[in-house]
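Listing of final_23.txt, compact mmCIF, C-alpha atoms and all ligand atoms
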# COMPACT_ATOMS: atom_id res chain seq x y z
CA MET T 1208 -66.42 46.26 -19.82
CA ARG T 1209 -63.01 47.31 -18.52
CA ARG T 1210 -64.17 50.87 -18.16
CA VAL T 1211 -67.19 49.93 -16.12
CA THR T 1212 -65.22 47.93 -13.57
CA ARG T 1213 -62.43 50.50 -13.19
CA THR T 1214 -64.58 53.47 -12.44
CA PRO T 1215 -65.75 52.53 -8.92
CA VAL T 1216 -62.21 51.53 -7.98
CA LEU T 1217 -60.85 54.93 -8.91
CA ALA T 1218 -63.70 56.64 -7.12
CA THR T 1219 -62.85 54.81 -3.91
CA VAL T 1220 -59.13 55.44 -4.19
CA ALA T 1221 -59.68 59.11 -4.86
CA MET T 1222 -61.00 59.56 -1.34
CA LEU T 1223 -57.65 58.40 0.04
CA SER T 1224 -54.41 60.37 0.00
CA THR T 1225 -52.76 61.18 -3.30
CA SER T 1226 -49.76 59.02 -2.50
CA VAL T 1227 -51.97 55.96 -2.16
CA LEU T 1228 -53.74 56.87 -5.39
CA THR T 1229 -50.42 57.12 -7.22
CA ALA T 1230 -49.21 53.84 -5.85
CA SER T 1231 -52.45 52.11 -6.81
CA LEU T 1232 -52.33 53.42 -10.32
CA LEU T 1233 -48.69 52.50 -10.88
CA ALA T 1234 -48.85 49.09 -9.31
CA THR T 1235 -49.09 46.03 -11.52
CA PRO T 1236 -52.05 43.75 -10.67
CA ALA T 1237 -49.79 41.33 -8.70
CA GLU T 1238 -48.58 44.14 -6.48
CA ALA T 1239 -51.97 45.72 -6.07
CA ALA T 1240 -51.84 44.87 -2.32
CA PRO T 1241 -48.27 45.73 -1.31
CA ARG T 1242 -46.92 43.90 1.72
CA GLY T 1243 -46.64 46.29 4.58
CA THR T 1244 -43.66 44.44 6.09
CA ARG T 1245 -40.53 42.85 4.71
CA VAL T 1246 -38.00 40.88 6.70
CA SER T 1247 -34.57 39.73 5.63
CA GLY T 1248 -32.50 37.11 7.45
CA ALA T 1249 -29.08 35.55 7.01
CA LEU T 1250 -27.07 33.04 9.03
CA SER T 1251 -23.58 33.86 10.30
CA ALA T 1252 -22.62 30.22 9.61
CA THR T 1253 -24.38 27.22 8.04
CA VAL T 1254 -22.43 24.46 9.82
CA SER T 1255 -21.50 24.35 13.49
CA HIS T 1256 -20.28 22.01 16.18
CA PRO T 1257 -22.23 21.87 19.45
CA GLY T 1258 -21.79 25.07 21.44
CA GLY T 1259 -20.83 27.16 18.41
CA VAL T 1260 -22.20 30.70 18.25
CA VAL T 1261 -24.44 31.16 15.21
CA VAL T 1262 -26.77 34.07 14.66
CA MET T 1263 -29.65 34.72 12.29
CA ALA T 1264 -29.65 38.47 11.67
CA GLY T 1265 -31.52 40.83 9.38
CA THR T 1266 -33.79 43.80 9.11
CA VAL T 1267 -37.50 44.39 9.36
CA LYS T 1268 -38.75 47.02 6.94
CA ASP T 1269 -42.17 48.50 7.50
CA LYS T 1270 -43.88 51.87 7.56
CA GLY T 1271 -43.90 52.25 11.30
CA LYS T 1272 -41.11 52.94 13.74
CA GLN T 1273 -42.17 50.36 16.26
CA ARG T 1274 -40.10 47.50 17.52
CA ARG T 1275 -41.41 44.27 16.01
CA THR T 1276 -41.54 40.74 17.37
CA VAL T 1277 -39.31 38.45 15.31
CA VAL T 1278 -39.64 34.66 15.74
CA LEU T 1279 -36.97 32.15 14.74
CA GLU T 1280 -38.61 29.07 13.22
CA GLN T 1281 -37.18 25.65 12.38
CA LYS T 1282 -38.61 23.21 9.84
CA ILE T 1283 -39.24 19.76 11.31
CA ALA T 1284 -41.28 16.97 9.73
CA SER T 1285 -44.54 18.20 11.28
CA GLY T 1286 -44.04 21.79 10.10
CA TRP T 1287 -42.43 25.07 11.12
CA ARG T 1288 -41.70 25.17 14.85
CA LYS T 1289 -41.01 28.22 16.99
CA VAL T 1290 -37.52 28.16 18.47
CA ASP T 1291 -37.06 31.60 20.01
CA LYS T 1292 -38.12 35.21 19.64
CA VAL T 1293 -36.62 38.68 19.97
CA ARG T 1294 -37.72 42.29 19.45
CA SER T 1295 -36.24 44.25 16.59
CA SER T 1296 -34.67 47.66 17.20
CA ARG T 1297 -36.58 50.78 16.13
CA SER T 1298 -34.50 50.82 12.95
CA GLY T 1299 -35.70 47.25 12.28
CA ALA T 1300 -32.44 45.39 12.98
CA TYR T 1301 -32.63 42.07 14.82
CA ALA T 1302 -30.34 39.15 15.68
CA ILE T 1303 -31.43 35.78 17.10
CA THR T 1304 -29.08 33.13 18.43
CA VAL T 1305 -29.52 29.85 16.54
CA PRO T 1306 -29.56 26.68 18.69
CA THR T 1307 -26.38 24.64 18.43
CA THR T 1308 -27.02 22.36 21.39
CA TRP T 1309 -28.19 19.40 19.30
CA PHE T 1310 -27.42 17.68 15.99
CA TYR T 1311 -29.68 18.60 13.10
CA SER T 1312 -29.75 19.59 9.48
CA SER T 1313 -32.84 21.62 8.76
CA LYS T 1314 -34.13 24.92 7.43
CA LEU T 1315 -34.42 28.03 9.58
CA ARG T 1316 -36.29 31.25 8.90
CA THR T 1317 -37.52 34.30 10.76
CA ARG T 1318 -41.09 35.45 10.92
CA VAL T 1319 -42.25 38.94 11.84
CA VAL T 1320 -45.46 38.72 13.82
CA ARG T 1321 -48.30 40.83 12.39
CA THR T 1322 -49.77 43.57 14.49
CA ARG T 1323 -53.12 45.30 14.31
CA LYS T 1324 -51.74 47.87 11.89
CA LEU T 1325 -48.78 46.16 10.27
CA ARG T 1326 -48.55 42.94 8.35
CA GLY T 1327 -46.27 40.05 9.11
CA ASP T 1328 -43.68 38.48 6.82
CA THR T 1329 -41.29 35.55 6.70
CA SER T 1330 -37.68 35.61 5.56
CA ARG T 1331 -36.10 33.23 3.09
CA ALA T 1332 -35.29 29.83 4.63
CA HIS T 1333 -31.66 28.82 5.11
CA ARG T 1334 -30.32 25.33 5.82
CA MET T 1335 -28.29 24.94 8.98
CA SER T 1336 -26.41 21.88 10.27
CA VAL T 1337 -25.01 21.07 13.69
CA ILE T 1338 -22.58 18.17 13.49
CA PRO T 1339 -20.49 16.28 16.07
CA ALA T 1340 -17.03 17.58 16.94
CA TYR T 1341 -15.84 13.94 16.92
CA THR T 1342 -15.82 11.47 14.04
CA PRO T 1343 -18.56 8.90 14.76
CA LEU T 1344 -17.57 5.28 14.12
CA GLY T 1345 -19.18 2.99 11.59
CA SER T 1346 -21.97 3.43 9.06
CA PRO T 1347 -24.82 5.95 9.37
CA GLU T 1348 -27.05 3.09 8.12
CA SER T 1349 -26.39 0.93 11.18
CA TRP T 1350 -29.57 1.56 13.09
CA ALA T 1351 -32.94 -0.15 13.57
CA GLU T 1352 -36.31 0.61 15.08
CA LEU T 1353 -37.21 -1.04 18.38
CA SER T 1354 -40.41 -2.49 16.92
CA ARG T 1355 -42.42 -2.19 13.75
CA TYR T 1356 -44.72 0.12 15.68
CA GLY T 1357 -41.79 2.44 16.32
CA ASP T 1358 -42.44 2.89 20.05
CA ARG T 1359 -41.10 6.32 20.97
CA PHE T 1360 -41.78 9.44 22.98
CA ASP T 1361 -43.29 12.57 21.42
CA PRO T 1362 -40.07 14.48 20.69
CA CYS T 1363 -41.91 17.79 21.00
CA ARG T 1364 -42.64 17.27 24.71
CA THR T 1365 -40.22 17.46 27.63
CA ILE T 1366 -39.42 14.02 29.08
CA THR T 1367 -39.17 14.03 32.86
CA TYR T 1368 -36.82 11.45 34.34
CA GLY T 1369 -36.18 10.21 37.84
CA ILE T 1370 -33.88 7.74 39.53
CA ASN T 1371 -34.88 5.17 42.13
CA SER T 1372 -31.43 4.89 43.66
CA SER T 1373 -32.48 3.06 46.84
CA ARG T 1374 -30.54 -0.05 45.73
CA ALA T 1375 -28.22 1.56 43.15
CA THR T 1376 -24.87 -0.05 42.37
CA PRO T 1377 -21.93 0.48 41.99
CA ASP T 1378 -23.14 3.42 44.15
CA ALA T 1379 -25.89 6.04 43.90
CA ALA T 1380 -23.60 8.95 42.98
CA THR T 1381 -21.85 7.03 40.18
CA ALA T 1382 -25.15 5.79 38.78
CA ALA T 1383 -26.71 9.28 38.86
CA ALA T 1384 -23.70 10.92 37.18
CA SER T 1385 -23.65 8.27 34.41
CA ILE T 1386 -27.40 8.62 33.84
CA HIS T 1387 -27.18 12.44 33.63
CA ASN T 1388 -24.24 12.21 31.21
CA THR T 1389 -26.19 9.77 29.04
CA ILE T 1390 -29.32 11.92 29.03
CA ALA T 1391 -27.21 14.92 27.95
CA LEU T 1392 -25.90 12.89 24.98
CA VAL T 1393 -29.42 11.72 24.07
CA ALA T 1394 -30.68 15.32 24.20
CA GLN T 1395 -27.77 16.36 21.97
CA ALA T 1396 -28.54 13.60 19.45
CA THR T 1397 -32.33 14.08 19.38
CA GLY T 1398 -33.15 17.69 20.25
CA VAL T 1399 -35.58 16.31 22.84
CA ARG T 1400 -35.70 18.17 26.16
CA PHE T 1401 -35.29 16.23 29.38
CA LYS T 1402 -35.92 17.40 32.92
CA PHE T 1403 -34.51 15.64 35.97
CA VAL T 1404 -37.15 15.48 38.70
CA GLY T 1405 -34.97 13.79 41.29
CA GLU T 1406 -35.30 10.68 43.38
CA THR T 1407 -38.43 8.60 42.73
CA PRO T 1408 -40.06 5.67 44.53
CA ALA T 1409 -41.35 4.40 41.15
CA MET T 1410 -39.90 1.25 39.57
CA PRO T 1411 -39.67 0.59 35.83
CA PHE T 1412 -41.92 -2.09 34.30
CA ASP T 1413 -43.97 -2.76 37.45
CA LYS T 1414 -47.12 -1.51 35.70
CA LEU T 1415 -48.00 0.62 38.72
CA PHE T 1416 -48.21 4.02 37.12
CA GLU T 1417 -48.91 7.16 39.11
CA ARG T 1418 -49.67 10.46 37.47
CA SER T 1419 -46.80 12.01 39.38
CA ASP T 1420 -44.28 9.40 38.15
CA PRO T 1421 -41.50 10.61 35.87
CA LYS T 1422 -41.95 9.60 32.23
CA LEU T 1423 -38.62 7.81 32.35
CA VAL T 1424 -37.56 5.87 35.45
CA PHE T 1425 -34.21 4.26 36.25
CA GLY T 1426 -34.27 1.52 38.89
CA PHE T 1427 -32.31 -1.42 40.29
CA THR T 1428 -33.38 -4.95 41.16
CA THR T 1429 -32.25 -8.59 40.94
CA ASP T 1430 -33.30 -11.36 38.58
CA PRO T 1431 -35.42 -13.32 41.13
CA GLU T 1432 -37.34 -10.15 42.04
CA THR T 1433 -38.62 -9.34 38.55
CA LYS T 1434 -40.63 -11.17 35.93
CA LEU T 1435 -38.26 -9.77 33.32
CA ASP T 1436 -35.24 -11.81 32.36
CA LEU T 1437 -32.25 -10.31 34.15
CA GLY T 1438 -30.40 -13.64 34.06
CA PRO T 1439 -26.64 -14.21 33.91
CA ALA T 1440 -26.32 -12.73 30.41
CA VAL T 1441 -28.45 -9.64 31.02
CA ALA T 1442 -27.18 -6.55 32.86
CA ALA T 1443 -30.20 -4.32 32.28
CA ARG T 1444 -33.43 -3.93 30.35
CA GLY T 1445 -34.63 -0.77 28.69
CA GLY T 1446 -37.67 0.17 26.67
CA SER T 1447 -41.17 1.49 26.65
CA ASP T 1448 -43.34 0.53 29.56
CA ARG T 1449 -46.66 2.07 28.66
CA THR T 1450 -47.71 3.18 25.21
CA ARG T 1451 -50.68 4.48 23.28
CA TRP T 1452 -51.55 4.63 19.62
CA ALA T 1453 -50.58 7.82 17.85
CA ARG T 1454 -49.76 9.18 14.42
CA ASN T 1455 -46.32 10.34 13.36
CA ALA T 1456 -45.71 13.43 11.24
CA ARG T 1457 -46.38 11.38 8.08
CA GLY T 1458 -49.75 10.28 9.42
CA GLN T 1459 -48.62 6.67 10.04
CA ARG T 1460 -49.91 4.82 13.10
CA ILE T 1461 -47.20 4.25 15.69
CA LEU T 1462 -47.00 3.57 19.41
CA GLN T 1463 -46.26 6.62 21.52
CA THR T 1464 -44.34 5.89 24.69
CA ILE T 1465 -46.01 7.34 27.78
CA HIS T 1466 -43.70 5.72 30.33
CA GLY T 1467 -40.30 4.21 29.69
CA GLY T 1468 -37.67 2.76 31.92
CA VAL T 1469 -34.30 1.18 32.48
CA LEU T 1470 -34.07 -1.66 35.00
CA TYR T 1471 -30.56 -2.64 36.05
CA ASP T 1472 -29.52 -5.97 37.55
CA LEU T 1473 -27.80 -4.60 40.64
CA THR T 1474 -25.67 -7.74 41.00
CA ASP T 1475 -24.17 -7.03 37.54
CA THR T 1476 -23.77 -3.26 37.89
CA ALA T 1477 -22.16 -3.70 41.36
CA THR T 1478 -18.82 -4.57 39.76
CA MET T 1479 -18.97 -2.00 36.94
CA THR T 1480 -16.78 1.07 36.61
CA ALA T 1481 -18.47 4.44 36.01
CA THR T 1482 -17.53 4.14 32.33
CA GLN T 1483 -19.05 0.67 31.95
CA PHE T 1484 -22.22 1.77 33.73
CA GLN T 1485 -22.57 4.68 31.32
CA GLN T 1486 -21.88 2.47 28.29
CA LEU T 1487 -24.66 0.15 29.43
CA THR T 1488 -26.93 3.17 30.00
CA LEU T 1489 -26.22 4.59 26.52
CA HIS T 1490 -27.47 1.27 25.10
CA GLU T 1491 -30.57 1.02 27.31
CA VAL T 1492 -31.70 4.61 26.79
CA GLY T 1493 -31.32 3.95 23.05
CA HIS T 1494 -34.05 1.30 23.50
CA VAL T 1495 -36.14 3.71 25.57
CA MET T 1496 -36.00 6.23 22.73
CA GLY T 1497 -37.15 3.61 20.22
CA LEU T 1498 -34.00 2.02 18.82
CA GLY T 1499 -33.49 -1.74 18.39
CA HIS T 1500 -30.38 -3.87 18.08
CA VAL T 1501 -28.00 -3.74 15.12
CA ALA T 1502 -25.52 -6.31 13.84
CA ALA T 1503 -22.68 -3.76 13.68
CA THR T 1504 -20.48 -4.03 16.76
CA ASP T 1505 -19.17 -0.45 16.48
CA GLN T 1506 -22.53 1.02 17.52
CA TYR T 1507 -24.06 1.41 20.98
CA MET T 1508 -27.11 -0.50 19.78
CA THR T 1509 -25.07 -3.65 19.22
CA ALA T 1510 -26.41 -6.58 21.27
CA GLY T 1511 -22.88 -7.71 22.07
CA PRO T 1512 -20.37 -6.84 24.78
CA GLU T 1513 -18.35 -4.83 22.21
CA LEU T 1514 -20.22 -1.74 23.38
CA TYR T 1515 -17.93 -1.73 26.41
CA ASP T 1516 -15.02 -0.98 24.05
CA LEU T 1517 -16.64 2.11 22.48
CA PRO T 1518 -15.83 5.74 23.33
CA LEU T 1519 -18.47 7.46 25.49
CA SER T 1520 -20.48 8.98 22.65
CA TYR T 1521 -23.11 7.72 20.22
CA GLN T 1522 -21.71 6.48 16.90
CA ALA T 1523 -22.76 7.03 13.27
CA GLY T 1524 -25.68 4.58 13.11
CA ASP T 1525 -26.81 5.42 16.64
CA LEU T 1526 -26.91 9.11 15.68
CA THR T 1527 -28.99 8.43 12.55
CA GLY T 1528 -31.43 6.36 14.57
CA LEU T 1529 -31.69 8.96 17.32
CA SER T 1530 -32.35 11.69 14.75
CA LYS T 1531 -35.20 9.54 13.33
CA VAL T 1532 -36.88 9.41 16.72
CA GLY T 1533 -35.95 12.98 17.67
CA LEU T 1534 -37.31 16.45 17.11
CA GLN T 1535 -36.51 16.51 13.39
CA ALA T 1536 -38.94 13.61 12.89
CA GLY T 1537 -41.73 15.94 14.00
CA CYS T 1538 -44.38 15.94 16.70
CA ILE T 1539 -46.63 12.94 17.42
CA ARG T 1540 -50.41 13.27 17.60
CA PRO T 1541 -52.13 10.82 19.96
CA LEU T 1542 -55.13 8.78 18.79
CA ARG T 1543 -57.86 8.64 21.39
CA GLY T 1544 -59.07 5.40 22.91
CA HIS T 1545 -56.11 3.17 22.02
CA ARG T 1546 -53.67 1.67 24.51
CA ARG T 1547 -51.15 -1.11 24.49
CA GLN T 1548 -48.19 -2.11 26.56
CA ALA T 1549 -44.94 -3.02 24.86
CA LEU T 1550 -41.53 -4.01 26.09
CA GLU T 1551 -38.26 -4.63 24.38
CA ARG T 1552 -37.43 -8.31 24.78
CA LEU T 1553 -33.87 -8.56 23.56
CA PRO T 1554 -31.35 -9.11 26.34
CA VAL T 1555 -28.13 -7.15 26.74
CA PRO T 1556 -25.17 -9.34 27.53
CA VAL T 1557 -22.84 -8.00 30.17
CA ALA T 1558 -19.18 -7.62 29.25
CA THR T 1559 -17.44 -10.97 29.33
CA THR T 1560 -14.73 -9.45 31.50
CA LEU T 1561 -17.37 -8.89 34.16
CA ASP T 1562 -18.64 -12.46 34.26
ZN ZN T 1601 -30.48 -4.21 24.01
Can you dump the structure from the file as structure tokens?
Amino acid sequence: MRRVTRTPVLATVAMLSTSVLTASLLATPAEAAPRGTRVSGALSATVSHPGGVVVMAGTVKDKGKQRRTVVLEQKIASGWRKVDKVRSSRSGAYAITVPTTWFYSSKLRTRVVRTRKLRGDTSRAHRMSVIPAYTPLGSPESWAELSRYGDRFDPCRTITYGINSSRATPDAATAAASIHNTIALVAQATGVRFKFVGETPAMPFDKLFERSDPKLVFGFTTDPETKLDLGPAVAARGGSDRTRWARNARGQRILQTIHGGVLYDLTDTATMTATQFQQLTLHEVGHVMGLGHVAATDQYMTAGPELYDLPLSYQAGDLTGLSKVGLQAGCIRPLRGHRRQALERLPVPVATTLD
């Protein structure tokens, strides 16, 4: 039986070069089809602060002398995601800069893209962490979801944002600077990309959506001019404005935010310093991203005025929550034919010193 099956194999191999024949005969069954390409990869560091320089470097070994395309991939909950790519040198050496712009702890690997003649390969995966340069306050457990449907943006898609600063207080420049600073901190905490698209005539929560509207709108009004409660105890409202049913990376049904917004009570923000305006914005954009209130007063998602005493950075629980709604949580897949509006209904008290 063995003899019968081996004979045609040898006959075929014999027509190829002698080196191939030798290799075929010596190879164990598991190595009968040798991989044409091997790639190694190692990280220059496994922990970094934001802005640190970390490189994944290694060598591509194959039979050719061509430069190969090497892709850096990161493991998020929905699978391996392309981060960047480079070309190897003719000797096979490559080095790719690892992103250190946002907080994560996940595996990284490199993948050599197959060509018509040469096979691809993936390197071993290595865990990499980017951690804050400051010590966040409080407990990493101090976070909550905005709703049981988890309203949040797809973290794999760029979120455009615009400001309707026609009635902005304390003044348009201060408001814009505080909003940009907040968005930079949210991007750092989530890995989500944001793109500022400038001034917009759109207003949050007015249910008048235009295709050209930014996905996230910041606007200013007064309590009598909106159906939302912007009464004496409420300085702003933030949350999702338009949602649709989707599935998260685990396959669970959640609400995907299509439009979100922050609506400020311009009579309250008129007397705020730039710092207070940003503290308020850090809280409201937390809601926009899908976070709810927590009892702990050392977090930006506290419902109390204590947030005006916090340093201008997200704290331990805030950071956990933002990572759960960020890129590491994986991409969202929309379900067709389902829509629902949702809005966060918990008011934010203004600082008592401002009353
Ligand atoms: Zn709130």
Nearest to ligand ZN 1601 (chain T) among T:Leu1473, T:Leu1353, T:Val1399, T:Leu1423, with distances taken over only C-alpha atoms and all ligand atoms: which residue is it?
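Checking each candidate against ligand ZN 1601 (chain T), we get T:Leu1353 as the closest.
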Throw together the list of residues within 12 Å of ligand ZN 1601 (chain T), counting all atoms listed in the file, and drop it here as a PyMOL selection string.
chain T and resi 1351-1353+1437+1440-1446+1469-1470+1486-1502+1506-1512+1514+1550-1557
note - CA of Ile1370 (chain T) and CA of Asp1516 (chain T) are separated by 25.9 Å
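What separates CA of Tyr1471 (chain T) from CA of Phe1416 (chain T) is a distance of 18.9 Å.
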Any idea what's packed within 8 Å of Gly1537 (chain T), counting all atoms listed in the file, ignoring anything in its chain fewer than 2 positions away? Could you give it as a PDB file with C-alpha atoms, keeping the file's coordinate frame?
ATOM      1  CA  ILE T1283     -39.240  19.760  11.310  1.00  0.00           C
ATOM      2  CA  ALA T1284     -41.280  16.970   9.730  1.00  0.00           C
ATOM      3  CA  SER T1285     -44.540  18.200  11.280  1.00  0.00           C
ATOM      4  CA  GLY T1286     -44.040  21.790  10.100  1.00  0.00           C
ATOM      5  CA  PRO T1362     -40.070  14.480  20.690  1.00  0.00           C
ATOM      6  CA  CYS T1363     -41.910  17.790  21.000  1.00  0.00           C
ATOM      7  CA  ASN T1455     -46.320  10.340  13.360  1.00  0.00           C
ATOM      8  CA  ALA T1456     -45.710  13.430  11.240  1.00  0.00           C
ATOM      9  CA  GLY T1533     -35.950  12.980  17.670  1.00  0.00           C
ATOM     10  CA  LEU T1534     -37.310  16.450  17.110  1.00  0.00           C
ATOM     11  CA  GLN T1535     -36.510  16.510  13.390  1.00  0.00           C
ATOM     12  CA  ILE T1539     -46.630  12.940  17.420  1.00  0.00           C
TER      13      ILE T1539
END
In Å, rounded to a single decimal, give me how far CA of His1333 (chain T) is from CA of Val1319 (chain T).
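Going from CA of Val1319 (chain T) over to CA of His1333 (chain T) covers 16.1 Å.
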